[in-house]
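Enquirer: target05.cif is reproduced in full below (mmCIF, C-alpha atoms).
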data_input
#
loop_
_atom_site.group_PDB
_atom_site.id
_atom_site.type_symbol
_atom_site.label_atom_id
_atom_site.label_comp_id
_atom_site.auth_asym_id
_atom_site.auth_seq_id
_atom_site.Cartn_x
_atom_site.Cartn_y
_atom_site.Cartn_z
ATOM 1 C CA MET A 139 120.735 38.938 90.060
ATOM 2 C CA TYR A 140 117.255 39.608 91.447
ATOM 3 C CA ILE A 141 115.374 42.789 90.576
ATOM 4 C CA ASP A 142 112.318 43.880 92.581
ATOM 5 C CA GLN A 143 110.391 46.374 90.493
ATOM 6 C CA PRO A 144 108.249 48.557 90.352
ATOM 7 C CA ILE A 145 109.172 50.311 93.592
ATOM 8 C CA GLY A 146 107.074 48.945 96.425
ATOM 9 C CA ALA A 147 107.310 45.332 95.296
ATOM 10 C CA GLY A 148 109.569 42.847 97.057
ATOM 11 C CA PHE A 149 112.392 44.636 98.891
ATOM 12 C CA SER A 150 112.367 47.715 96.669
ATOM 13 C CA HIS A 151 111.845 51.230 97.965
ATOM 14 C CA GLY A 152 112.358 54.782 96.723
ATOM 15 C CA THR A 153 110.582 57.506 94.777
ATOM 16 C CA GLU A 154 111.211 56.709 91.091
ATOM 17 C CA ASN A 155 108.062 54.722 90.475
ATOM 18 C CA ALA A 156 106.592 53.058 87.376
ATOM 19 C CA ASP A 157 102.921 52.851 86.438
ATOM 20 C CA SER A 158 103.151 51.006 83.117
ATOM 21 C CA SER A 159 105.233 48.414 81.326
ATOM 22 C CA LYS A 160 106.760 51.149 79.178
ATOM 23 C CA SER A 161 107.813 53.310 82.117
ATOM 24 C CA ALA A 162 109.136 50.212 83.862
ATOM 25 C CA ALA A 163 111.286 49.415 80.820
ATOM 26 C CA SER A 164 113.173 52.714 81.011
ATOM 27 C CA LYS A 165 113.972 52.157 84.679
ATOM 28 C CA ILE A 166 115.239 48.632 84.066
ATOM 29 C CA TRP A 167 117.439 50.036 81.299
ATOM 30 C CA VAL A 168 118.967 52.541 83.727
ATOM 31 C CA MET A 169 119.455 49.816 86.330
ATOM 32 C CA LEU A 170 121.278 47.581 83.823
ATOM 33 C CA GLN A 171 123.454 50.481 82.687
ATOM 34 C CA THR A 172 124.430 51.079 86.315
ATOM 35 C CA PHE A 173 125.093 47.370 86.787
ATOM 36 C CA PHE A 174 127.458 47.186 83.814
ATOM 37 C CA GLU A 175 129.248 50.352 84.953
ATOM 38 C CA THR A 176 129.744 48.791 88.385
ATOM 39 C CA TYR A 177 130.705 45.351 87.049
ATOM 40 C CA PRO A 178 132.402 45.996 83.689
ATOM 41 C CA GLN A 179 133.560 42.370 83.491
ATOM 42 C CA TYR A 180 130.005 41.486 82.444
ATOM 43 C CA GLU A 181 129.725 44.056 79.659
ATOM 44 C CA GLY A 182 128.840 42.669 76.246
ATOM 45 C CA ARG A 183 127.237 39.469 77.505
ATOM 46 C CA GLU A 184 123.998 38.432 75.871
ATOM 47 C CA LEU A 185 120.918 38.242 78.050
ATOM 48 C CA ILE A 186 118.015 35.818 77.921
ATOM 49 C CA LEU A 187 114.835 37.408 79.204
ATOM 50 C CA ALA A 188 112.614 34.793 80.858
ATOM 51 C CA ALA A 189 109.235 36.048 82.052
ATOM 52 C CA GLU A 190 105.952 34.770 83.411
ATOM 53 C CA SER A 191 102.375 36.016 83.821
ATOM 54 C CA TYR A 192 102.455 39.858 83.669
ATOM 55 C CA GLY A 193 105.810 39.330 82.032
ATOM 56 C CA GLY A 194 103.644 38.989 78.913
ATOM 57 C CA HIS A 195 103.476 42.779 79.093
ATOM 58 C CA TYR A 196 106.874 43.433 80.606
ATOM 59 C CA SER A 197 109.110 41.324 78.396
ATOM 60 C CA PRO A 198 108.007 42.450 74.895
ATOM 61 C CA GLU A 199 108.027 46.070 76.077
ATOM 62 C CA PHE A 200 111.446 45.717 77.691
ATOM 63 C CA VAL A 201 113.126 44.137 74.668
ATOM 64 C CA THR A 202 111.500 46.689 72.350
ATOM 65 C CA TYR A 203 112.807 49.531 74.505
ATOM 66 C CA PHE A 204 116.289 48.004 74.751
ATOM 67 C CA ASP A 205 116.461 47.625 70.968
ATOM 68 C CA ALA A 206 115.438 51.276 70.483
ATOM 69 C CA GLN A 207 118.082 52.447 72.964
ATOM 70 C CA ASN A 208 120.722 50.260 71.317
ATOM 71 C CA LYS A 209 119.920 51.871 67.982
ATOM 72 C CA GLN A 210 120.470 55.329 69.452
ATOM 73 C CA ILE A 211 123.814 54.190 70.854
ATOM 74 C CA HIS A 212 124.892 52.887 67.436
ATOM 75 C CA LEU A 213 123.825 56.197 65.827
ATOM 76 C CA GLY A 214 125.916 58.134 68.311
ATOM 77 C CA ASN A 215 122.906 59.846 69.872
ATOM 78 C CA LEU A 216 123.210 58.111 73.236
ATOM 79 C CA LYS A 217 126.089 57.007 75.438
ATOM 80 C CA GLY A 218 125.725 53.689 77.157
ATOM 81 C CA GLU A 219 126.270 49.959 77.074
ATOM 82 C CA VAL A 220 124.481 48.006 74.360
ATOM 83 C CA ILE A 221 122.159 45.475 75.987
ATOM 84 C CA THR A 222 121.640 42.486 73.723
ATOM 85 C CA VAL A 223 118.724 40.177 74.431
ATOM 86 C CA SER A 224 119.387 36.984 72.482
ATOM 87 C CA ALA A 225 116.227 35.090 73.444
ATOM 88 C CA LEU A 226 112.834 35.541 75.055
ATOM 89 C CA MET A 227 111.078 32.859 77.101
ATOM 90 C CA LEU A 228 107.529 33.691 78.147
ATOM 91 C CA ASN A 229 105.376 31.224 80.067
ATOM 92 C CA ASN A 230 101.661 31.729 80.689
ATOM 93 C CA GLY A 231 101.953 35.385 79.758
ATOM 94 C CA TRP A 232 99.324 38.130 79.993
ATOM 95 C CA ILE A 233 99.852 39.366 76.435
ATOM 96 C CA ASP A 234 96.552 40.244 74.741
ATOM 97 C CA PRO A 235 93.764 40.632 77.344
ATOM 98 C CA LEU A 236 90.725 40.709 75.051
ATOM 99 C CA THR A 237 91.677 37.446 73.378
ATOM 100 C CA GLN A 238 92.494 35.890 76.750
ATOM 101 C CA TYR A 239 89.168 37.032 78.264
ATOM 102 C CA ALA A 240 87.256 35.518 75.367
ATOM 103 C CA SER A 241 88.859 32.121 75.995
ATOM 104 C CA TYR A 242 87.562 31.781 79.573
ATOM 105 C CA PRO A 243 84.076 30.310 79.029
ATOM 106 C CA GLY A 244 85.195 27.767 76.440
ATOM 107 C CA PHE A 245 88.221 26.704 78.452
ATOM 108 C CA ALA A 246 86.114 26.254 81.597
ATOM 109 C CA ALA A 247 83.442 24.252 79.789
ATOM 110 C CA HIS A 248 85.851 22.171 77.696
ATOM 111 C CA PRO A 249 89.380 22.240 79.179
ATOM 112 C CA PRO A 250 91.479 19.959 76.946
ATOM 113 C CA GLY A 251 92.638 16.984 78.999
ATOM 114 C CA TYR A 252 90.749 17.969 82.151
ATOM 115 C CA THR A 253 87.258 17.759 83.661
ATOM 116 C CA PRO A 254 84.889 20.667 82.855
ATOM 117 C CA PHE A 255 84.187 22.884 85.846
ATOM 118 C CA ILE A 256 81.201 24.929 84.665
ATOM 119 C CA SER A 257 77.861 23.848 83.249
ATOM 120 C CA THR A 258 76.708 24.277 79.674
ATOM 121 C CA THR A 259 74.219 26.876 80.907
ATOM 122 C CA VAL A 260 76.933 29.005 82.507
ATOM 123 C CA PHE A 261 79.078 28.596 79.382
ATOM 124 C CA HIS A 262 76.324 29.968 77.145
ATOM 125 C CA GLN A 263 75.542 32.807 79.566
ATOM 126 C CA ALA A 264 79.180 33.842 79.800
ATOM 127 C CA THR A 265 79.714 33.606 76.042
ATOM 128 C CA THR A 266 76.655 35.736 75.394
ATOM 129 C CA SER A 267 77.775 38.328 77.952
ATOM 130 C CA MET A 268 81.165 38.500 76.291
ATOM 131 C CA ARG A 269 79.907 38.930 72.741
ATOM 132 C CA GLU A 270 76.691 40.943 73.018
ATOM 133 C CA SER A 271 76.615 44.665 72.264
ATOM 134 C CA GLY A 272 77.445 46.581 75.408
ATOM 135 C CA GLY A 273 78.664 43.405 77.095
ATOM 136 C CA CYS A 274 81.954 42.445 78.670
ATOM 137 C CA GLY A 275 83.815 42.450 75.369
ATOM 138 C CA ASP A 276 82.886 46.067 74.654
ATOM 139 C CA LYS A 277 83.739 47.149 78.182
ATOM 140 C CA THR A 278 86.951 45.067 78.431
ATOM 141 C CA GLU A 279 85.687 43.570 81.678
ATOM 142 C CA PHE A 280 85.842 40.050 83.049
ATOM 143 C CA VAL A 281 83.713 37.023 82.293
ATOM 144 C CA TYR A 282 86.264 35.618 84.705
ATOM 145 C CA ILE A 283 84.300 34.813 87.875
ATOM 146 C CA PRO A 284 81.279 32.933 86.460
ATOM 147 C CA SER A 285 83.547 30.902 84.207
ATOM 148 C CA LEU A 286 85.871 29.870 87.005
ATOM 149 C CA GLY A 287 83.513 28.065 89.331
ATOM 150 C CA LYS A 288 85.268 26.839 92.483
ATOM 151 C CA GLN A 289 88.603 26.044 90.855
ATOM 152 C CA ASP A 290 91.857 27.855 91.447
ATOM 153 C CA PRO A 291 92.627 30.298 88.608
ATOM 154 C CA TYR A 292 96.281 29.253 88.475
ATOM 155 C CA ASP A 293 95.678 25.487 88.481
ATOM 156 C CA ILE A 294 92.246 24.115 87.607
ATOM 157 C CA ARG A 295 93.167 20.717 89.063
ATOM 158 C CA SER A 296 92.796 22.211 92.530
ATOM 159 C CA ALA A 297 89.947 23.936 94.357
ATOM 160 C CA PHE A 298 90.563 27.534 95.411
ATOM 161 C CA PRO A 299 92.826 28.347 97.157
ATOM 162 C CA ASP A 300 95.518 26.048 95.820
ATOM 163 C CA PRO A 301 98.330 25.539 98.384
ATOM 164 C CA LEU A 302 100.860 25.089 95.568
ATOM 165 C CA PRO A 303 103.371 26.424 94.883
ATOM 166 C CA PRO A 304 104.112 26.772 98.620
ATOM 167 C CA LYS A 305 104.422 30.283 100.056
ATOM 168 C CA GLY A 306 107.050 29.489 102.674
ATOM 169 C CA TYR A 307 109.502 31.860 101.003
ATOM 170 C CA ILE A 308 107.470 34.851 102.241
ATOM 171 C CA ASN A 309 108.101 34.106 105.927
ATOM 172 C CA TYR A 310 111.681 33.155 105.099
ATOM 173 C CA LEU A 311 112.411 36.483 103.408
ATOM 174 C CA GLN A 312 110.791 38.413 106.255
ATOM 175 C CA GLN A 313 113.179 36.989 108.872
ATOM 176 C CA PRO A 314 115.462 39.751 110.204
ATOM 177 C CA ASN A 315 118.624 37.640 109.891
ATOM 178 C CA ILE A 316 117.851 36.816 106.267
ATOM 179 C CA GLN A 317 117.106 40.442 105.442
ATOM 180 C CA LYS A 318 120.395 41.485 107.078
ATOM 181 C CA ALA A 319 122.357 38.816 105.196
ATOM 182 C CA ILE A 320 121.131 39.970 101.780
ATOM 183 C CA GLY A 321 121.326 43.678 102.601
ATOM 184 C CA ALA A 322 117.596 44.356 102.510
ATOM 185 C CA GLU A 323 116.599 47.764 103.842
ATOM 186 C CA VAL A 324 112.837 47.215 104.117
ATOM 187 C CA THR A 325 110.495 44.311 104.887
ATOM 188 C CA TYR A 326 109.679 42.016 101.971
ATOM 189 C CA VAL A 327 106.270 42.603 100.308
ATOM 190 C CA ASP A 328 105.006 39.770 98.105
ATOM 191 C CA PHE A 329 102.106 41.723 96.575
ATOM 192 C CA ASN A 330 101.576 45.470 96.671
ATOM 193 C CA ASP A 331 98.014 46.629 95.976
ATOM 194 C CA ALA A 332 99.093 50.218 95.386
ATOM 195 C CA VAL A 333 101.572 49.185 92.684
ATOM 196 C CA PHE A 334 98.977 46.961 91.010
ATOM 197 C CA ASN A 335 96.323 49.683 91.104
ATOM 198 C CA ASN A 336 98.719 52.194 89.542
ATOM 199 C CA PHE A 337 99.108 49.898 86.532
ATOM 200 C CA VAL A 338 95.353 49.286 86.310
ATOM 201 C CA ASP A 339 94.504 52.994 86.595
ATOM 202 C CA GLU A 340 97.016 53.853 83.896
ATOM 203 C CA GLY A 341 95.388 51.294 81.578
ATOM 204 C CA ASP A 342 98.432 49.084 81.218
ATOM 205 C CA PHE A 343 96.571 45.955 82.308
ATOM 206 C CA THR A 344 94.223 45.928 79.307
ATOM 207 C CA ARG A 345 96.701 46.870 76.576
ATOM 208 C CA THR A 346 97.770 44.323 74.005
ATOM 209 C CA LEU A 347 101.475 43.670 73.501
ATOM 210 C CA LEU A 348 100.941 41.649 70.321
ATOM 211 C CA PRO A 349 102.394 44.360 68.015
ATOM 212 C CA GLN A 350 105.628 44.444 70.002
ATOM 213 C CA LEU A 351 105.820 40.651 70.203
ATOM 214 C CA GLY A 352 105.146 40.369 66.468
ATOM 215 C CA ALA A 353 107.909 42.847 65.686
ATOM 216 C CA LEU A 354 110.343 40.825 67.790
ATOM 217 C CA ALA A 355 109.303 37.648 65.960
ATOM 218 C CA ASN A 356 109.895 39.488 62.667
ATOM 219 C CA SER A 357 113.406 40.324 63.853
ATOM 220 C CA LYS A 358 113.965 36.545 64.194
ATOM 221 C CA LEU A 359 114.730 36.799 67.893
ATOM 222 C CA LYS A 360 114.659 33.347 69.497
ATOM 223 C CA ILE A 361 111.229 33.197 71.193
ATOM 224 C CA LEU A 362 109.537 30.467 73.211
ATOM 225 C CA ILE A 363 105.913 31.049 74.206
ATOM 226 C CA TRP A 364 104.957 28.231 76.569
ATOM 227 C CA TYR A 365 101.947 27.448 78.707
ATOM 228 C CA GLY A 366 101.168 25.095 81.554
ATOM 229 C CA ASP A 367 97.921 23.561 80.348
ATOM 230 C CA ALA A 368 96.183 23.524 83.764
ATOM 231 C CA ASP A 369 96.349 27.311 84.130
ATOM 232 C CA TYR A 370 93.072 29.186 83.698
ATOM 233 C CA ILE A 371 93.879 32.878 84.040
ATOM 234 C CA CYS A 372 96.462 32.769 81.234
ATOM 235 C CA ASN A 373 95.274 29.545 79.646
ATOM 236 C CA TRP A 374 96.982 27.992 76.658
ATOM 237 C CA VAL A 375 93.843 27.985 74.477
ATOM 238 C CA GLY A 376 93.685 31.769 74.670
ATOM 239 C CA GLY A 377 97.450 31.860 74.248
ATOM 240 C CA LEU A 378 97.261 29.860 71.040
ATOM 241 C CA ALA A 379 94.459 32.088 69.735
ATOM 242 C CA LEU A 380 96.336 35.314 70.379
ATOM 243 C CA THR A 381 99.559 33.890 68.951
ATOM 244 C CA ARG A 382 97.700 32.942 65.766
ATOM 245 C CA LYS A 383 96.406 36.529 65.572
ATOM 246 C CA MET A 384 99.892 37.995 65.822
ATOM 247 C CA GLU A 385 101.119 39.751 62.693
ATOM 248 C CA TRP A 386 104.536 38.544 61.605
ATOM 249 C CA TYR A 387 106.168 36.944 58.600
ATOM 250 C CA GLY A 388 105.448 33.407 59.865
ATOM 251 C CA LYS A 389 101.759 33.960 60.654
ATOM 252 C CA LYS A 390 100.396 31.797 57.835
ATOM 253 C CA ARG A 391 102.843 28.951 58.420
ATOM 254 C CA PHE A 392 102.156 29.023 62.144
ATOM 255 C CA GLY A 393 98.394 29.007 61.597
ATOM 256 C CA ASN A 394 98.607 26.000 59.287
ATOM 257 C CA ALA A 395 101.050 24.019 61.424
ATOM 258 C CA SER A 396 100.122 21.059 63.611
ATOM 259 C CA PHE A 397 101.409 20.266 67.070
ATOM 260 C CA LYS A 398 104.239 17.770 67.434
ATOM 261 C CA ASP A 399 104.835 15.717 70.558
ATOM 262 C CA VAL A 400 107.704 16.605 72.875
ATOM 263 C CA GLU A 401 109.211 13.812 74.957
ATOM 264 C CA ILE A 402 112.035 14.227 77.457
ATOM 265 C CA GLY A 403 114.005 11.322 78.848
ATOM 266 C CA GLY A 404 113.166 10.540 82.444
ATOM 267 C CA VAL A 405 109.913 12.494 82.241
ATOM 268 C CA GLY A 406 108.084 11.179 79.204
ATOM 269 C CA HIS A 407 105.510 12.958 77.076
ATOM 270 C CA VAL A 408 105.698 16.490 78.483
ATOM 271 C CA GLY A 409 103.842 18.468 75.865
ATOM 272 C CA GLU A 410 103.339 19.438 72.244
ATOM 273 C CA VAL A 411 104.956 22.165 70.193
ATOM 274 C CA ILE A 412 104.651 24.217 67.019
ATOM 275 C CA ASN A 413 107.966 25.512 65.649
ATOM 276 C CA VAL A 414 108.319 28.107 62.901
ATOM 277 C CA ASP A 415 111.950 29.131 62.461
ATOM 278 C CA ASN A 416 113.047 30.811 65.717
ATOM 279 C CA PHE A 417 109.509 30.994 67.121
ATOM 280 C CA SER A 418 108.047 28.174 69.224
ATOM 281 C CA PHE A 419 104.691 27.713 70.952
ATOM 282 C CA LEU A 420 104.595 24.940 73.542
ATOM 283 C CA ARG A 421 101.772 23.432 75.588
ATOM 284 C CA VAL A 422 103.182 21.780 78.719
ATOM 285 C CA PHE A 423 101.106 18.966 80.195
ATOM 286 C CA LYS A 424 100.225 18.705 83.890
ATOM 287 C CA ALA A 425 101.448 22.165 84.810
ATOM 288 C CA GLY A 426 99.759 25.183 86.312
ATOM 289 C CA HIS A 427 100.640 28.858 85.960
ATOM 290 C CA GLU A 428 104.208 28.511 87.284
ATOM 291 C CA VAL A 429 105.403 25.843 84.845
ATOM 292 C CA PRO A 430 108.921 25.253 86.266
ATOM 293 C CA PHE A 431 107.449 24.319 89.659
ATOM 294 C CA TYR A 432 105.312 21.558 88.159
ATOM 295 C CA GLN A 433 107.700 20.419 85.413
ATOM 296 C CA PRO A 434 111.237 21.250 86.643
ATOM 297 C CA VAL A 435 113.135 18.659 84.584
ATOM 298 C CA ALA A 436 111.342 19.612 81.392
ATOM 299 C CA SER A 437 111.791 23.322 82.127
ATOM 300 C CA LEU A 438 115.538 22.940 82.530
ATOM 301 C CA GLU A 439 115.794 21.069 79.234
ATOM 302 C CA LEU A 440 113.736 23.754 77.504
ATOM 303 C CA LEU A 441 116.040 26.440 78.879
ATOM 304 C CA LYS A 442 119.050 24.553 77.509
ATOM 305 C CA GLN A 443 117.443 24.352 74.064
ATOM 306 C CA VAL A 444 116.648 28.070 74.083
ATOM 307 C CA ILE A 445 120.199 28.939 75.152
ATOM 308 C CA ALA A 446 121.460 26.834 72.239
ATOM 309 C CA LYS A 447 118.917 28.644 69.984
ATOM 310 C CA GLN A 448 117.398 25.335 68.923
ATOM 311 C CA GLN A 449 113.817 24.597 67.998
ATOM 312 C CA ILE A 450 111.993 22.845 70.805
ATOM 313 C CA HIS A 451 112.373 19.110 70.332
ATOM 314 C CA SER A 452 112.333 15.724 72.056
ATOM 315 C CA VAL A 453 115.478 14.388 73.743
#
Before anything else, please render the file you have as structure tokens.
Expert:
Amino acid sequence: MYIDQPIGAGFSHGTENADSSKSAASKIWVMLQTFFETYPQYEGRELILAAESYGGHYSPEFVTYFDAQNKQIHLGNLKGEVITVSALMLNNGWIDPLTQYASYPGFAAHPPGYTPFISTTVFHQATTSMRESGGCGDKTEFVYIPSLGKQDPYDIRSAFPDPLPPKGYINYLQQPNIQKAIGAEVTYVDFNDAVFNNFVDEGDFTRTLLPQLGALANSKLKILIWYGDADYICNWVGGLALTRKMEWYGKKRFGNASFKDVEIGGVGHVGEVINVDNFSFLRVFKAGHEVPFYQPVASLELLKQVIAKQQIHSV
């Protein structure tokens, strides 16, 4: 099942629009209720929510909303199908913008395992601009551009623009015969500026979702937070910092824990992980923003471990 949302993205069209992660959550809930009404044979099945990039906002908000709706159903205040999310997988997520912004200069000047792509001078200038009174940190604005240099923001191993992952699917989905075969009623749109600007104008882009993610970790939901370590825009250094900030019962244990190597047969040393009960943080080597494209074998194995509700481990 593929869902294009908010309206205006992909093949979607209509008038019920969303301008924030929270408003998007309610519309996904309605869509899933309609789906289970139409296909009752799937009712009661657990869902695994796997998200990427802005999914760092979407997924914690969605699961939080689903849990609240489920509670109302159990209390008899709402009629509907309980939607149980049994696990959350979030790779290179946009979760806590201020912490992620602050990681840019340091990651560009000292990217673990890769060649620096800004000078020490630019690093100090960007760091100062971020931290000084009235600077980028106070205004929640980017130190993004000067810290990026000429590299691609989604894979620092490549100059901008990176041709990978390939974009051939866009032309494929815009072919009339393909659109007819899948029942599409409008032309496919890969990126919609109006939709993006609605979220920015509403302030959704700069909100932190750490409280919601922390509450889900406290509920002992199976959670994997994983990062391709060549991504810049949602880099793993910032991801580790924000995860260590997150308030939950395992915060101290997570902060004191060390990484352990993860090796997968046929691939080798694919990354390093910190596990605390049902919560895992994983750095994936040699992968950009879209981890499964760069590390497909490892990604499939990780999915299997999450489905089995196991801690991330070598096989």
Enquirer: Atom CA of A:Val429 and atom CA of A:Glu385, how far apart in Å?
Expert: 26.5 Å
Enquirer: Can you list what the PyMOL selection byres ((chain A and resi 169-181) around 12) grabs from this structure, as an MDAnalysis selection string?
Expert: chainID A and resid 139:144 154 162:168 182:185 200 204 207:208 217:222
Enquirer: Any chance you could tabulate, as CSV, the residues of stretch 181-256 of chain A at most 12 Å from stretch 266-273 of chain A with each one's nearest atom pair and distance in Å to one decimal, using only C-alpha atoms, in chain and rising number order?
Expert:
residue,atom,partner,partner_atom,distance
A:Leu236,CA,A:Met268,CA,9.9
A:Thr237,CA,A:Met268,CA,11.0
A:Gln238,CA,A:Met268,CA,11.6
A:Tyr239,CA,A:Met268,CA,8.4
A:Ala240,CA,A:Met268,CA,6.8
A:Ser241,CA,A:Met268,CA,10.0
A:Tyr242,CA,A:Met268,CA,9.8
A:Pro243,CA,A:Met268,CA,9.1
A:Gly244,CA,A:Met268,CA,11.5
Enquirer: Check which residues satisfy the PyMOL selection byres ((chain A and resi 381) around 9) in the file shown, then give them as a list in words.
Expert: Leu348, Gly352, Ile363, Gly376, Gly377, Leu378, Ala379, Leu380, Arg382, Lys383, Met384, Glu385, Lys389, Phe392, Gly393 and Phe419 of chain A
Enquirer: Can you tell me which residues surround stretch 401-410 of chain A at a distance of at most 12 Å, considering all atoms listed in the file, apart from same-chain residues fewer than 3 positions away, and format the answer as a PyMOL selection string?
Expert: chain A and resi 251+364-367+374+395-398+413+418-425+429+432-440+443+450-453
Enquirer: Put the listed atoms of stretch 313-320 of chain A in a box along x, y and z with 5 Å added on every side and give me the centre and edge lengths in Å to one decimal, as AutoDock Vina command-line options.
Expert:
--center_x 117.8 --center_y 39.2 --center_z 106.0 --size_x 19.2 --size_y 14.7 --size_z 18.4
Enquirer: Report the distance between atom CA of A:Asn373 and atom CA of A:Gly146 in Å, rounded to one decimal place.
Expert: 28.2 Å
Enquirer: Please supply stretch 220-234 of chain A, rebuilt with N, CA, C and O atoms, as an mmCIF file, keeping the file's coordinate frame.
Expert:
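As a result, out37.cif now contains:
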data_model
loop_
_atom_site.group_PDB
_atom_site.id
_atom_site.type_symbol
_atom_site.label_atom_id
_atom_site.label_comp_id
_atom_site.auth_asym_id
_atom_site.auth_seq_id
_atom_site.Cartn_x
_atom_site.Cartn_y
_atom_site.Cartn_z
ATOM 1 N N VAL A 220 125.474 48.748 75.131
ATOM 2 C CA VAL A 220 124.481 48.006 74.360
ATOM 3 C C VAL A 220 124.031 46.784 75.162
ATOM 4 O O VAL A 220 124.867 46.037 75.685
ATOM 5 N N ILE A 221 122.726 46.616 75.265
ATOM 6 C CA ILE A 221 122.159 45.475 75.987
ATOM 7 C C ILE A 221 121.497 44.562 74.967
ATOM 8 O O ILE A 221 120.472 44.913 74.380
ATOM 9 N N THR A 222 122.112 43.414 74.746
ATOM 10 C CA THR A 222 121.640 42.486 73.723
ATOM 11 C C THR A 222 120.843 41.362 74.359
ATOM 12 O O THR A 222 121.373 40.582 75.148
ATOM 13 N N VAL A 223 119.573 41.293 74.010
ATOM 14 C CA VAL A 223 118.724 40.177 74.431
ATOM 15 C C VAL A 223 118.716 39.171 73.288
ATOM 16 O O VAL A 223 118.241 39.469 72.194
ATOM 17 N N SER A 224 119.243 37.981 73.547
ATOM 18 C CA SER A 224 119.387 36.984 72.482
ATOM 19 C C SER A 224 118.207 36.028 72.409
ATOM 20 O O SER A 224 118.062 35.301 71.423
ATOM 21 N N ALA A 225 117.372 35.993 73.450
ATOM 22 C CA ALA A 225 116.227 35.090 73.444
ATOM 23 C C ALA A 225 115.187 35.567 74.454
ATOM 24 O O ALA A 225 115.520 36.224 75.446
ATOM 25 N N LEU A 226 113.952 35.209 74.173
ATOM 26 C CA LEU A 226 112.834 35.541 75.055
ATOM 27 C C LEU A 226 112.052 34.270 75.362
ATOM 28 O O LEU A 226 111.626 33.560 74.449
ATOM 29 N N MET A 227 111.909 33.975 76.655
ATOM 30 C CA MET A 227 111.078 32.859 77.101
ATOM 31 C C MET A 227 109.916 33.434 77.907
ATOM 32 O O MET A 227 110.133 34.141 78.889
ATOM 33 N N LEU A 228 108.699 33.113 77.490
ATOM 34 C CA LEU A 228 107.529 33.691 78.147
ATOM 35 C C LEU A 228 106.520 32.594 78.440
ATOM 36 O O LEU A 228 105.931 32.015 77.527
ATOM 37 N N ASN A 229 106.340 32.279 79.732
ATOM 38 C CA ASN A 229 105.376 31.224 80.067
ATOM 39 C C ASN A 229 104.113 31.809 80.692
ATOM 40 O O ASN A 229 104.171 32.699 81.543
ATOM 41 N N ASN A 230 102.980 31.333 80.205
ATOM 42 C CA ASN A 230 101.661 31.729 80.689
ATOM 43 C C ASN A 230 101.580 33.249 80.837
ATOM 44 O O ASN A 230 101.257 33.786 81.902
ATOM 45 N N GLY A 231 101.866 33.927 79.737
ATOM 46 C CA GLY A 231 101.953 35.385 79.758
ATOM 47 C C GLY A 231 100.627 36.087 79.535
ATOM 48 O O GLY A 231 99.770 35.615 78.794
ATOM 49 N N TRP A 232 100.479 37.240 80.187
ATOM 50 C CA TRP A 232 99.324 38.130 79.993
ATOM 51 C C TRP A 232 99.692 39.077 78.860
ATOM 52 O O TRP A 232 100.251 40.139 79.057
ATOM 53 N N ILE A 233 99.371 38.677 77.625
ATOM 54 C CA ILE A 233 99.852 39.366 76.435
ATOM 55 C C ILE A 233 98.772 40.214 75.778
ATOM 56 O O ILE A 233 98.954 41.406 75.535
ATOM 57 N N ASP A 234 97.637 39.591 75.490
ATOM 58 C CA ASP A 234 96.552 40.244 74.741
ATOM 59 C C ASP A 234 95.245 39.999 75.498
ATOM 60 O O ASP A 234 94.561 38.998 75.263
#
